[in-house]
>>> print(open('structure22.txt').read())   # compact mmCIF, C-alpha atoms
# COMPACT_ATOMS: atom_id res chain seq x y z
CA MET V 1 -192.52 54.16 -5.71
CA LEU V 2 -194.58 51.37 -4.20
CA PRO V 3 -196.98 51.91 -1.28
CA PRO V 4 -195.77 50.69 2.14
CA PHE V 5 -196.03 46.94 2.66
CA SER V 6 -194.58 44.27 4.94
CA VAL V 7 -192.19 41.68 3.55
CA VAL V 8 -192.04 38.34 5.37
CA ILE V 9 -189.17 35.92 4.70
CA PRO V 10 -189.45 32.53 6.44
CA CYS V 11 -186.15 30.73 6.80
CA PHE V 12 -184.85 27.44 8.13
CA ASN V 13 -181.12 26.67 7.99
CA GLU V 14 -180.46 29.28 5.30
CA ALA V 15 -177.04 30.42 6.55
CA VAL V 16 -175.50 29.98 3.10
CA ARG V 17 -177.77 32.50 1.39
CA ILE V 18 -179.74 34.54 3.94
CA GLY V 19 -177.14 37.30 4.13
CA GLU V 20 -177.22 38.00 0.40
CA THR V 21 -181.01 37.62 0.25
CA LEU V 22 -181.45 40.23 2.97
CA ARG V 23 -178.94 42.57 1.35
CA LEU V 24 -180.81 42.44 -1.95
CA THR V 25 -184.21 42.78 -0.27
CA LEU V 26 -183.15 45.74 1.85
CA ASP V 27 -181.64 47.46 -1.18
CA TYR V 28 -184.85 46.92 -3.16
CA LEU V 29 -187.13 48.20 -0.41
CA THR V 30 -184.93 51.20 0.40
CA VAL V 31 -185.14 52.36 -3.22
CA ASN V 32 -188.69 51.34 -4.12
CA ALA V 33 -190.72 51.31 -0.87
CA PRO V 34 -188.76 53.00 1.92
CA GLN V 35 -191.77 53.15 4.28
CA SER V 36 -192.10 49.36 4.21
CA GLU V 37 -190.89 46.86 6.78
CA LEU V 38 -188.97 43.59 6.56
CA ILE V 39 -189.79 40.70 8.89
CA VAL V 40 -187.51 37.66 8.97
CA VAL V 41 -188.93 34.58 10.69
CA ASN V 42 -186.27 32.13 11.79
CA ASP V 43 -188.06 28.79 12.01
CA GLY V 44 -185.89 27.03 14.58
CA SER V 45 -182.72 26.96 12.48
CA THR V 46 -179.84 24.89 13.87
CA ASP V 47 -177.16 26.74 11.91
CA THR V 48 -176.11 30.41 12.02
CA THR V 49 -179.13 31.74 10.10
CA ALA V 50 -180.35 33.87 13.02
CA ALA V 51 -176.94 35.40 13.75
CA ILE V 52 -176.35 36.29 10.11
CA ALA V 53 -179.83 37.78 9.76
CA ARG V 54 -179.43 39.83 12.94
CA GLU V 55 -176.12 41.24 11.74
CA ARG V 56 -177.51 42.11 8.31
CA LEU V 57 -180.61 43.81 9.72
CA LYS V 58 -178.96 45.97 12.36
CA ASP V 59 -177.92 48.80 10.04
CA ALA V 60 -180.98 48.73 7.78
CA ARG V 61 -182.55 52.04 6.75
CA ILE V 62 -186.07 50.62 6.88
CA GLU V 63 -188.02 49.02 9.71
CA THR V 64 -186.92 45.42 10.36
CA ARG V 65 -187.68 42.63 12.81
CA LEU V 66 -186.33 39.15 13.44
CA LEU V 67 -188.93 36.74 14.85
CA GLU V 68 -187.95 33.39 16.33
CA ASN V 69 -190.06 30.23 16.07
CA PHE V 70 -188.57 27.57 18.32
CA PRO V 71 -188.46 24.67 17.84
CA ASN V 72 -188.93 24.30 14.08
CA ARG V 73 -192.66 24.40 13.33
CA GLY V 74 -192.76 24.43 9.53
CA LYS V 75 -192.94 27.01 6.79
CA GLY V 76 -196.68 27.54 7.18
CA ALA V 77 -196.34 28.50 10.84
CA ALA V 78 -193.41 30.81 10.03
CA VAL V 79 -195.31 32.61 7.28
CA ARG V 80 -198.40 33.07 9.45
CA SER V 81 -196.30 34.37 12.35
CA GLY V 82 -194.76 36.98 10.11
CA LEU V 83 -197.98 38.07 8.42
CA LEU V 84 -199.89 38.30 11.70
CA ALA V 85 -197.09 40.47 13.11
CA ALA V 86 -197.07 42.79 10.07
CA ARG V 87 -197.85 46.47 10.67
CA GLU V 88 -198.48 47.57 7.09
CA PRO V 89 -201.79 47.09 5.20
CA ILE V 90 -200.29 44.64 2.68
CA GLY V 91 -198.18 41.60 3.52
CA LEU V 92 -195.96 39.88 0.96
CA PHE V 93 -194.02 36.72 1.67
CA PHE V 94 -191.39 35.04 -0.45
CA ASP V 95 -188.79 32.34 -0.05
CA ALA V 96 -185.21 32.94 1.06
CA ASP V 97 -183.88 31.58 -2.23
CA LEU V 98 -185.40 34.50 -4.20
CA SER V 99 -186.58 32.13 -6.94
CA THR V 100 -188.98 34.88 -8.00
CA PRO V 101 -186.95 38.06 -8.68
CA LEU V 102 -187.69 41.07 -6.48
CA GLY V 103 -188.54 43.05 -9.59
CA GLU V 104 -191.79 41.09 -9.84
CA THR V 105 -193.07 42.59 -6.57
CA PRO V 106 -195.21 45.38 -8.14
CA LYS V 107 -197.26 42.75 -9.99
CA LEU V 108 -198.66 41.58 -6.64
CA VAL V 109 -198.59 44.71 -4.48
CA GLU V 110 -200.10 47.26 -6.86
CA PRO V 111 -203.46 45.56 -7.61
CA ILE V 112 -204.03 45.06 -3.86
CA ALA V 113 -203.08 48.65 -3.08
CA SER V 114 -205.49 49.91 -5.75
CA GLY V 115 -208.37 47.95 -4.20
CA GLU V 116 -208.83 45.54 -7.12
CA ILE V 117 -208.17 42.33 -5.18
CA ASP V 118 -207.50 40.95 -1.70
CA ILE V 119 -204.89 38.26 -2.49
CA ALA V 120 -202.36 38.09 -5.31
CA PHE V 121 -200.03 35.20 -5.88
CA GLY V 122 -197.34 34.34 -8.36
CA SER V 123 -197.85 31.52 -10.82
CA ARG V 124 -195.26 29.28 -12.44
CA ALA V 125 -197.96 27.45 -14.40
CA LEU V 126 -195.82 27.35 -17.53
CA ASP V 127 -193.25 25.17 -15.74
CA ARG V 128 -194.37 21.84 -17.19
CA GLY V 129 -192.50 19.89 -14.53
CA LEU V 130 -195.06 21.09 -11.99
CA ILE V 131 -198.24 20.45 -13.97
CA GLY V 132 -198.96 17.02 -12.41
CA ILE V 133 -199.09 18.27 -8.84
CA HIS V 134 -201.05 21.35 -9.93
CA GLN V 135 -203.76 19.12 -11.39
CA LEU V 136 -203.90 16.95 -8.25
CA VAL V 137 -204.42 20.02 -6.06
CA ARG V 138 -207.13 21.38 -8.37
CA VAL V 139 -209.03 18.10 -8.28
CA ALA V 140 -208.67 17.61 -4.52
CA THR V 141 -209.68 21.14 -3.49
CA GLY V 142 -211.83 22.45 -6.30
CA LEU V 143 -209.66 25.58 -6.44
CA PRO V 144 -209.57 27.11 -9.94
CA PHE V 145 -205.85 27.96 -9.80
CA TRP V 146 -202.90 26.37 -11.53
CA ASP V 147 -200.05 27.09 -9.13
CA THR V 148 -200.92 27.26 -5.45
CA GLN V 149 -197.36 26.50 -4.28
CA CYS V 150 -195.32 29.38 -5.70
CA GLY V 151 -193.66 30.99 -2.68
CA PHE V 152 -194.59 34.55 -3.70
CA LYS V 153 -197.92 35.75 -2.30
CA ALA V 154 -199.41 39.04 -1.13
CA PHE V 155 -202.40 39.71 1.13
CA ARG V 156 -204.60 42.66 2.09
CA LEU V 157 -204.19 42.00 5.75
CA ASP V 158 -207.33 43.57 7.22
CA VAL V 159 -209.58 41.10 5.39
CA CYS V 160 -207.10 38.20 5.41
CA ARG V 161 -206.36 38.17 9.15
CA PRO V 162 -209.30 35.82 9.92
CA ILE V 163 -208.06 33.19 7.46
CA LEU V 164 -204.50 33.48 8.77
CA GLU V 165 -205.79 32.92 12.29
CA ALA V 166 -208.00 30.01 11.23
CA ALA V 167 -205.35 28.14 9.21
CA ARG V 168 -203.82 25.05 10.80
CA LEU V 169 -201.50 23.39 8.26
CA ASP V 170 -197.79 23.98 8.82
CA GLY V 171 -196.38 21.86 5.98
CA PHE V 172 -196.11 22.31 2.23
CA ALA V 173 -199.89 22.56 1.76
CA PHE V 174 -200.24 25.66 3.93
CA ASP V 175 -200.57 27.81 0.78
CA VAL V 176 -203.43 25.64 -0.42
CA GLU V 177 -205.22 26.01 2.91
CA LEU V 178 -204.95 29.80 2.85
CA LEU V 179 -206.33 29.99 -0.70
CA TYR V 180 -209.03 27.45 0.12
CA LEU V 181 -210.19 29.46 3.14
CA ALA V 182 -210.00 32.70 1.18
CA GLN V 183 -212.05 31.27 -1.70
CA HIS V 184 -214.76 30.08 0.68
CA ALA V 185 -214.74 33.46 2.43
CA GLY V 186 -215.49 35.18 -0.87
CA LEU V 187 -212.22 37.09 -1.06
CA ARG V 188 -210.97 38.37 -4.39
CA ILE V 189 -207.99 36.29 -5.52
CA ARG V 190 -205.82 36.70 -8.60
CA GLU V 191 -203.17 34.34 -9.96
CA ILE V 192 -200.46 36.36 -11.70
CA PRO V 193 -197.71 34.95 -13.97
CA VAL V 194 -194.24 35.74 -12.65
CA ARG V 195 -190.69 34.96 -13.64
CA TRP V 196 -189.26 32.08 -11.68
CA ASN V 197 -185.75 30.64 -11.57
CA HIS V 198 -184.82 27.30 -10.05
CA ALA V 199 -182.56 27.93 -7.05
CA GLU V 200 -179.67 25.58 -6.42
CA GLY V 201 -179.71 24.03 -2.98
CA SER V 202 -183.49 23.94 -2.70
CA LYS V 203 -184.71 21.87 0.23
CA VAL V 204 -187.74 20.62 -1.69
CA GLN V 205 -187.66 16.90 -2.59
CA PHE V 206 -190.19 16.86 -5.40
CA PHE V 207 -191.76 13.37 -5.20
CA LYS V 208 -191.55 12.96 -1.43
CA ASP V 209 -192.83 16.45 -0.68
CA SER V 210 -195.54 16.27 -3.35
CA LEU V 211 -196.96 13.12 -1.76
CA ARG V 212 -196.78 14.70 1.69
CA MET V 213 -198.52 17.81 0.40
CA LEU V 214 -201.24 15.74 -1.28
CA ARG V 215 -201.94 13.97 2.01
CA GLU V 216 -202.28 17.34 3.72
CA VAL V 217 -204.64 18.55 0.99
CA ILE V 218 -206.83 15.49 1.44
CA VAL V 219 -206.93 16.09 5.19
CA LEU V 220 -207.83 19.73 4.53
CA ARG V 221 -210.71 18.77 2.25
CA ALA V 222 -212.02 16.21 4.73
CA ARG V 223 -211.76 18.65 7.64
CA ARG V 224 -213.62 21.43 5.81
>>> encode(input="structure22.txt", output="structure tokens")
Amino acid sequence: MLPPFSVVIPCFNEAVRIGETLRLTLDYLTVNAPQSELIVVNDGSTDTTAAIARERLKDARIETRLLENFPNRGKGAAVRSGLLAAREPIGLFFDADLSTPLGETPKLVEPIASGEIDIAFGSRALDRGLIGIHQLVRVATGLPFWDTQCGFKAFRLDVCRPILEAARLDGFAFDVELLYLAQHAGLRIREIPVRWNHAEGSKVQFFKDSLRMLREVIVLRARR
């Protein structure tokens, strides 16, 4: 059994897969962490994401909430909304495509629960297709991590609340900002290798989004 924690799933136009994602997540939590809660943040979807999520959550055997961001504000804003609304001591967010299997959850939750660290995040550093953008982020921010963008991160919320409240980036570099603020606040951060599977239908456009993220990182560095 895992200790209670809050799961946050940000979603934007995920009608095709949100129902199955929530079914799998609810099944996992019911068996492995039944005192936990699930928070879905609908980030201004224009499809039936919210309706499907609401239907799936209504008969859940754990605590659930559906938060609405309207209009669409970006993944960073959705993640922060969910984490700041969390009621459990640990907050874990992951993407609606479940690229990182749910079975990897203990790798992040357990070292925070035991008091070893304040932030744990999954790393796909062995995916060589991502190495170029990893290196750009490392150079631009000075962060000593290889994979700041993996959408699988956990936080000890009592000490992380100030950085969540201070963060401003809503785009793809929001993860970088959170880690950057945490590093400068002296929080204990651990990068943990996780399994990762490419999800068909991903909304990420690698070159376009990488350039956009790099611009955000440069703005972050200049601002701080």
>>> closest_atom_pairs(input="structure22.txt", of="range 42-139 of chain V", to="range 16-32 of chain V", cutoff="9 Å", atoms="all atoms listed in the file", output="tab-separated table")
residue	atom	partner	partner_atom	distance
V:Thr48	CA	V:Val16	CA	9.0
V:Thr49	CA	V:Ile18	CA	6.8
V:Ile52	CA	V:Gly19	CA	6.1
V:Ala53	CA	V:Gly19	CA	6.3
V:Glu55	CA	V:Gly19	CA	8.6
V:Arg56	CA	V:Gly19	CA	6.4
V:Leu57	CA	V:Leu22	CA	7.7
V:Ala60	CA	V:Leu26	CA	7.0
V:Arg61	CA	V:Thr30	CA	6.8
V:Ile62	CA	V:Thr30	CA	6.6
V:Ala96	CA	V:Thr21	CA	6.3
V:Asp97	CA	V:Thr21	CA	7.1
V:Leu98	CA	V:Thr21	CA	7.0
V:Leu102	CA	V:Tyr28	CA	7.3
V:Gly103	CA	V:Tyr28	CA	8.4
>>> closest_residue(input="structure22.txt", among="V:Thr105, V:Ile90, V:His184, V:Glu177", to="Phe155 in chain V", atoms="only C-alpha atoms")
V:Ile90
>>> atom_distance(input="structure22.txt", atom1="CA of Leu178 in chain V", atom2="CA of Gly91 in chain V")
13.6 Å
>>> atom_distance(input="structure22.txt", atom1="CA of Arg190 in chain V", atom2="CA of Ala120 in chain V")
5.0 Å
>>> residues_around(input="structure22.txt", residues="Ala50 in chain V", least_positions_apart="3", cutoff="10 Å", atoms="all atoms listed in the file", output="PyMOL selection string")
chain V and resi 11-15+18+40-47+53-56+66-68
>>> atom_distance(input="structure22.txt", atom1="CA of Gly142 in chain V", atom2="CA of Arg73 in chain V")
27.5 Å
>>> residues_around(input="structure22.txt", residues="range 170-173 of chain V", least_positions_apart="6", cutoff="7 Å", atoms="all atoms listed in the file", output="ChimeraX atom specification")
/V:73-77,213,216-217
>>> residues_around(input="structure22.txt", residues="Leu181 in chain V", least_positions_apart="3", cutoff="12 Å", atoms="only C-alpha atoms", output="MDAnalysis selection string")
chainID V and resid 119 141:143 159:169 174:178 184:189 220:221 223:224
>>> closest_residue(input="structure22.txt", among="V:Leu83, V:Ala113, V:Ser123, V:Leu108", to="Gly151 in chain V", atoms="all atoms listed in the file")
V:Ser123
>>> closest_residue(input="structure22.txt", among="V:Asp147, V:Ala154, V:Glu110, V:Glu116", to="Val7 in chain V", atoms="all atoms listed in the file")
V:Ala154
>>> closest_residue(input="structure22.txt", among="V:Ala182, V:Asp95, V:Met1, V:Arg212", to="Leu157 in chain V", atoms="all atoms listed in the file")
V:Ala182
>>> axis_aligned_box(input="structure22.txt", around="range 5-8 of chain V", padding_each_side="8 Å", output="AutoDock Vina command-line options")
--center_x -194.0 --center_y 42.6 --center_z 4.0 --size_x 20.0 --size_y 24.6 --size_z 18.7
>>> closest_residue(input="structure22.txt", among="V:Cys150, V:Ala86, V:Ser99, V:Arg156", to="Gly115 in chain V", atoms="only C-alpha atoms")
V:Arg156
>>> closest_residue(input="structure22.txt", among="V:Val8, V:Ile117, V:Ala33, V:Ile192", to="Glu104 in chain V", atoms="only C-alpha atoms")
V:Ile192
